[in-house]
Amino acid sequence: IPALKPSSSTRESSKASFRTPLGPITLRWLAGSHLSRCATPGAAPSIEALQQPVGRAIQTGGMGIPALIKCFFVVECVIFGPFALHHYLACANTKQLEHLSSNRVAWLVLHSGEMLHGVGALLVLFVVLNALIINEVSTIELEIILLAHSLWLGTIIAFWPLAKDAAILHIPLWCGAAAVCFSYVESWSLVLDAFVIVYGRVKYKSDVYPNIISGGDYAADMARFREFCLGHDREDPKYTAV
């Protein structure tokens, strides 16, 4: 099959470029033609798209996001969205902080960690919302979503005694992400996802358990913490709702 010749306007636009410290950048690159790879099935890539580096979605020809992925994205927004906003926008709970420590620097570390939880969550939520709005998703976006859920699951495994309540939310979401993304992401990305989950278990065994949990005071401290957070003794006049 003879190769298709690009039009004169296409040739001119591809030659026009700007010089930068990192090298020349063409107008064609700035226009987004380097964004070529699509996870949506049924899309027929153009010859120009196949000649460009992979990384983003091409035109989907009206096919849109596959129904299974779209259903997962909607569930992700409904279930995960409120938690992401809660983590990032949460105000300092001084009663809980006082219960955990009398050190104000420790308060700062604990509260900043709460906001940091929301940073990654909001980034994932942005990727999901963007895909739903434009009705298009790319392989790199699916890889980011699956990697984010794998990182959260690995963290939960590493700090299991404290984070096992979060597993009620994160394990089903990870299973959903793995189910809808498995057929579209690269093999090396799946290996990375598995590695970060296994690393969570290794960290628990080699760091968290011997240095924190195996101490004699841990069980008593955890019992006090759960009693305070869950409010088992609500008739106690000293009890303050969190």
# chains A, B, ... in the order shown; residues from 1 in each chain; ligands from 1

$ residues_around --residues "Ala179 of chain A" --least-positions-apart "3" --cutoff "10 Å" --atoms "only C-alpha atoms" --output "compact mmCIF listing (two decimals) with all heavy atoms, in the first residue's frame"
# COMPACT_ATOMS: atom_id res chain seq x y z
N LEU A 68 -17.73 -0.63 30.93
CA LEU A 68 -17.26 -1.14 32.21
C LEU A 68 -16.36 -0.13 32.90
O LEU A 68 -16.46 0.09 34.11
CB LEU A 68 -16.52 -2.47 32.00
CG LEU A 68 -16.14 -3.23 33.28
CD1 LEU A 68 -17.39 -3.60 34.08
CD2 LEU A 68 -15.34 -4.48 32.94
N ILE A 69 -15.47 0.49 32.13
CA ILE A 69 -14.59 1.51 32.71
C ILE A 69 -15.40 2.72 33.17
O ILE A 69 -15.14 3.29 34.23
CB ILE A 69 -13.51 1.93 31.69
CG1 ILE A 69 -12.62 0.74 31.35
CG2 ILE A 69 -12.68 3.08 32.20
CD1 ILE A 69 -11.55 1.04 30.33
N PHE A 72 -17.07 2.02 36.46
CA PHE A 72 -16.11 2.10 37.57
C PHE A 72 -15.77 3.55 37.89
O PHE A 72 -15.64 3.92 39.07
CB PHE A 72 -14.84 1.33 37.21
CG PHE A 72 -13.73 1.52 38.22
CD1 PHE A 72 -13.79 0.89 39.45
CD2 PHE A 72 -12.65 2.33 37.93
CE1 PHE A 72 -12.78 1.07 40.39
CE2 PHE A 72 -11.64 2.53 38.85
CZ PHE A 72 -11.70 1.88 40.09
N LEU A 146 -4.59 2.81 38.40
CA LEU A 146 -4.27 1.51 39.00
C LEU A 146 -3.07 1.61 39.93
O LEU A 146 -3.06 1.01 41.01
CB LEU A 146 -4.01 0.48 37.90
CG LEU A 146 -3.73 -0.95 38.39
CD1 LEU A 146 -4.86 -1.46 39.28
CD2 LEU A 146 -3.53 -1.88 37.19
N LEU A 173 -12.16 -0.98 45.79
CA LEU A 173 -11.79 -0.05 44.71
C LEU A 173 -10.57 -0.57 43.95
O LEU A 173 -10.50 -0.43 42.73
CB LEU A 173 -11.52 1.34 45.29
CG LEU A 173 -12.75 2.13 45.72
CD1 LEU A 173 -12.34 3.45 46.37
CD2 LEU A 173 -13.68 2.40 44.54
N TRP A 174 -9.60 -1.16 44.66
CA TRP A 174 -8.44 -1.71 43.97
C TRP A 174 -8.86 -2.87 43.07
O TRP A 174 -8.39 -2.99 41.93
CB TRP A 174 -7.40 -2.19 44.96
CG TRP A 174 -6.20 -2.77 44.28
CD1 TRP A 174 -5.11 -2.09 43.80
CD2 TRP A 174 -5.99 -4.15 43.94
NE1 TRP A 174 -4.24 -2.96 43.20
CE2 TRP A 174 -4.75 -4.24 43.26
CE3 TRP A 174 -6.73 -5.31 44.15
CZ2 TRP A 174 -4.24 -5.44 42.80
CZ3 TRP A 174 -6.22 -6.52 43.68
CH2 TRP A 174 -4.99 -6.58 43.02
N CYS A 175 -9.74 -3.72 43.57
CA CYS A 175 -10.23 -4.84 42.76
C CYS A 175 -10.93 -4.34 41.50
O CYS A 175 -10.74 -4.88 40.40
CB CYS A 175 -11.17 -5.72 43.58
SG CYS A 175 -10.37 -6.63 44.91
N GLY A 176 -11.75 -3.29 41.65
CA GLY A 176 -12.42 -2.72 40.49
C GLY A 176 -11.44 -2.12 39.50
O GLY A 176 -11.56 -2.31 38.28
N PHE A 182 -6.76 -3.94 33.67
CA PHE A 182 -5.79 -5.01 33.40
C PHE A 182 -5.53 -5.20 31.91
O PHE A 182 -4.38 -5.40 31.49
CB PHE A 182 -6.29 -6.32 34.02
CG PHE A 182 -5.32 -7.46 33.86
CD1 PHE A 182 -4.29 -7.62 34.75
CD2 PHE A 182 -5.47 -8.37 32.81
CE1 PHE A 182 -3.39 -8.68 34.62
CE2 PHE A 182 -4.57 -9.41 32.67
CZ PHE A 182 -3.54 -9.57 33.58
N SER A 183 -6.56 -5.14 31.09
CA SER A 183 -6.42 -5.44 29.66
C SER A 183 -5.80 -4.29 28.88
O SER A 183 -5.45 -4.49 27.70
CB SER A 183 -7.79 -5.77 29.05
OG SER A 183 -8.36 -6.88 29.70

$ atom_distance --atom1 "atom CA of Lys70 of chain A" --atom2 "atom CA of His86 of chain A"
24.0 Å

$ atom_distance --atom1 "atom CA of His117 of chain A" --atom2 "atom CA of His87 of chain A"
6.0 Å

$ select_by_dssp --residues "segment 139-192 of chain A" --states "helix (DSSP H, G or I)" --output "MDAnalysis selection string"
chainID A and resid 139:158 160:163 167:181 187:192

$ residues_around --residues "Ala158 of chain A" --least-positions-apart "6" --cutoff "12 Å" --atoms "only C-alpha atoms" --output "list in words"
Leu151, Trp152, Lys164, Ala167, Val196, Ile197, Val198, Tyr199, Gly200, Arg201, Val202, Lys203, Tyr204, Lys205, Ser206, Asp207, Val208, Tyr209, Ile212 and Ile213 of chain A

$ residues_around --residues "segment 125-131 of chain A" --least-positions-apart "5" --cutoff "10 Å" --atoms "only C-alpha atoms" --output "ChimeraX atom specification"
/A:64-65,70,72-74,76-77,80-81,84-85,119-120,136-138,141-142,144-145

$ atom_distance --atom1 "atom CA of Asn103 of chain A" --atom2 "atom CA of Phe83 of chain A"
27.3 Å

$ closest_residue --among "A:Ile156, A:Ile168, A:Val185, A:Cys91" --to "Ile140 of chain A" --atoms "only C-alpha atoms"
A:Val185

$ closest_residue --among "A:Gln96, A:Ser102, A:Tyr184, A:Tyr88" --to "Arg224 of chain A" --atoms "only C-alpha atoms"
A:Gln96

$ residues_around --residues "Leu97 of chain A" --least-positions-apart "3" --cutoff "10 Å" --atoms "only C-alpha atoms" --output "VMD selection string"
chain A and resid 92 to 94 100 to 104 106 to 108 110 to 111

$ decode --residues "segment 145-173 of chain A" --atoms "N, CA and C atoms" --output "PDB file, in the first residue's frame"
ATOM      1  N   ILE A 145      -4.265   5.500  37.539  1.00  0.00           N
ATOM      2  CA  ILE A 145      -5.344   5.125  38.469  1.00  0.00           C
ATOM      3  C   ILE A 145      -5.027   3.807  39.168  1.00  0.00           C
ATOM      4  N   LEU A 146      -4.590   2.807  38.397  1.00  0.00           N
ATOM      5  CA  LEU A 146      -4.274   1.509  39.001  1.00  0.00           C
ATOM      6  C   LEU A 146      -3.068   1.612  39.928  1.00  0.00           C
ATOM      7  N   LEU A 147      -2.056   2.386  39.543  1.00  0.00           N
ATOM      8  CA  LEU A 147      -0.881   2.554  40.397  1.00  0.00           C
ATOM      9  C   LEU A 147      -1.254   3.265  41.698  1.00  0.00           C
ATOM     10  N   ALA A 148      -2.111   4.279  41.618  1.00  0.00           N
ATOM     11  CA  ALA A 148      -2.530   4.998  42.829  1.00  0.00           C
ATOM     12  C   ALA A 148      -3.241   4.052  43.799  1.00  0.00           C
ATOM     13  N   HIS A 149      -4.155   3.242  43.289  1.00  0.00           N
ATOM     14  CA  HIS A 149      -4.864   2.305  44.170  1.00  0.00           C
ATOM     15  C   HIS A 149      -3.919   1.233  44.719  1.00  0.00           C
ATOM     16  N   SER A 150      -2.922   0.832  43.937  1.00  0.00           N
ATOM     17  CA  SER A 150      -1.947  -0.140  44.424  1.00  0.00           C
ATOM     18  C   SER A 150      -1.083   0.467  45.529  1.00  0.00           C
ATOM     19  N   LEU A 151      -0.715   1.738  45.379  1.00  0.00           N
ATOM     20  CA  LEU A 151       0.067   2.417  46.417  1.00  0.00           C
ATOM     21  C   LEU A 151      -0.731   2.547  47.707  1.00  0.00           C
ATOM     22  N   TRP A 152      -2.007   2.897  47.597  1.00  0.00           N
ATOM     23  CA  TRP A 152      -2.854   2.989  48.796  1.00  0.00           C
ATOM     24  C   TRP A 152      -2.988   1.624  49.468  1.00  0.00           C
ATOM     25  N   LEU A 153      -3.168   0.584  48.662  1.00  0.00           N
ATOM     26  CA  LEU A 153      -3.306  -0.753  49.238  1.00  0.00           C
ATOM     27  C   LEU A 153      -2.003  -1.191  49.905  1.00  0.00           C
ATOM     28  N   GLY A 154      -0.863  -0.889  49.281  1.00  0.00           N
ATOM     29  CA  GLY A 154       0.416  -1.209  49.888  1.00  0.00           C
ATOM     30  C   GLY A 154       0.620  -0.488  51.208  1.00  0.00           C
ATOM     31  N   THR A 155       0.185   0.763  51.295  1.00  0.00           N
ATOM     32  CA  THR A 155       0.289   1.514  52.545  1.00  0.00           C
ATOM     33  C   THR A 155      -0.603   0.914  53.618  1.00  0.00           C
ATOM     34  N   ILE A 156      -1.805   0.518  53.239  1.00  0.00           N
ATOM     35  CA  ILE A 156      -2.719  -0.109  54.204  1.00  0.00           C
ATOM     36  C   ILE A 156      -2.117  -1.402  54.752  1.00  0.00           C
ATOM     37  N   ILE A 157      -1.499  -2.193  53.877  1.00  0.00           N
ATOM     38  CA  ILE A 157      -0.879  -3.441  54.321  1.00  0.00           C
ATOM     39  C   ILE A 157       0.303  -3.153  55.246  1.00  0.00           C
ATOM     40  N   ALA A 158       1.068  -2.105  54.942  1.00  0.00           N
ATOM     41  CA  ALA A 158       2.233  -1.778  55.758  1.00  0.00           C
ATOM     42  C   ALA A 158       1.835  -1.342  57.161  1.00  0.00           C
ATOM     43  N   PHE A 159       0.731  -0.615  57.285  1.00  0.00           N
ATOM     44  CA  PHE A 159       0.277  -0.111  58.584  1.00  0.00           C
ATOM     45  C   PHE A 159      -1.064  -0.752  58.945  1.00  0.00           C
ATOM     46  N   TRP A 160      -1.160  -2.065  58.745  1.00  0.00           N
ATOM     47  CA  TRP A 160      -2.421  -2.775  58.833  1.00  0.00           C
ATOM     48  C   TRP A 160      -3.186  -2.555  60.136  1.00  0.00           C
ATOM     49  N   PRO A 161      -2.581  -2.651  61.315  1.00  0.00           N
ATOM     50  CA  PRO A 161      -3.392  -2.500  62.540  1.00  0.00           C
ATOM     51  C   PRO A 161      -4.104  -1.163  62.630  1.00  0.00           C
ATOM     52  N   LEU A 162      -3.470  -0.108  62.116  1.00  0.00           N
ATOM     53  CA  LEU A 162      -4.082   1.213  62.163  1.00  0.00           C
ATOM     54  C   LEU A 162      -4.982   1.472  60.969  1.00  0.00           C
ATOM     55  N   ALA A 163      -4.622   0.912  59.807  1.00  0.00           N
ATOM     56  CA  ALA A 163      -5.298   1.255  58.556  1.00  0.00           C
ATOM     57  C   ALA A 163      -6.291   0.204  58.086  1.00  0.00           C
ATOM     58  N   LYS A 164      -6.524  -0.853  58.882  1.00  0.00           N
ATOM     59  CA  LYS A 164      -7.387  -1.925  58.380  1.00  0.00           C
ATOM     60  C   LYS A 164      -8.829  -1.466  58.181  1.00  0.00           C
ATOM     61  N   ASP A 165      -9.265  -0.424  58.890  1.00  0.00           N
ATOM     62  CA  ASP A 165     -10.608   0.106  58.654  1.00  0.00           C
ATOM     63  C   ASP A 165     -10.713   0.722  57.262  1.00  0.00           C
ATOM     64  N   ALA A 166      -9.605   1.337  56.793  1.00  0.00           N
ATOM     65  CA  ALA A 166      -9.608   1.924  55.453  1.00  0.00           C
ATOM     66  C   ALA A 166      -9.667   0.863  54.371  1.00  0.00           C
ATOM     67  N   ALA A 167      -9.281  -0.369  54.708  1.00  0.00           N
ATOM     68  CA  ALA A 167      -9.297  -1.443  53.719  1.00  0.00           C
ATOM     69  C   ALA A 167     -10.707  -1.744  53.234  1.00  0.00           C
ATOM     70  N   ILE A 168     -11.706  -1.458  54.072  1.00  0.00           N
ATOM     71  CA  ILE A 168     -13.100  -1.693  53.679  1.00  0.00           C
ATOM     72  C   ILE A 168     -13.440  -0.912  52.419  1.00  0.00           C
ATOM     73  N   LEU A 169     -12.837   0.267  52.262  1.00  0.00           N
ATOM     74  CA  LEU A 169     -13.074   1.087  51.077  1.00  0.00           C
ATOM     75  C   LEU A 169     -12.077   0.776  49.972  1.00  0.00           C
ATOM     76  N   HIS A 170     -10.801   0.647  50.330  1.00  0.00           N
ATOM     77  CA  HIS A 170      -9.751   0.596  49.313  1.00  0.00           C
ATOM     78  C   HIS A 170      -9.626  -0.761  48.627  1.00  0.00           C
ATOM     79  N   ILE A 171      -9.864  -1.849  49.329  1.00  0.00           N
ATOM     80  CA  ILE A 171      -9.727  -3.162  48.679  1.00  0.00           C
ATOM     81  C   ILE A 171     -10.751  -3.339  47.550  1.00  0.00           C
ATOM     82  N   PRO A 172     -12.048  -3.028  47.758  1.00  0.00           N
ATOM     83  CA  PRO A 172     -12.990  -3.136  46.625  1.00  0.00           C
ATOM     84  C   PRO A 172     -12.634  -2.205  45.465  1.00  0.00           C
ATOM     85  N   LEU A 173     -12.161  -0.983  45.787  1.00  0.00           N
ATOM     86  CA  LEU A 173     -11.789  -0.054  44.712  1.00  0.00           C
ATOM     87  C   LEU A 173     -10.569  -0.568  43.951  1.00  0.00           C
TER      88      LEU A 173
END
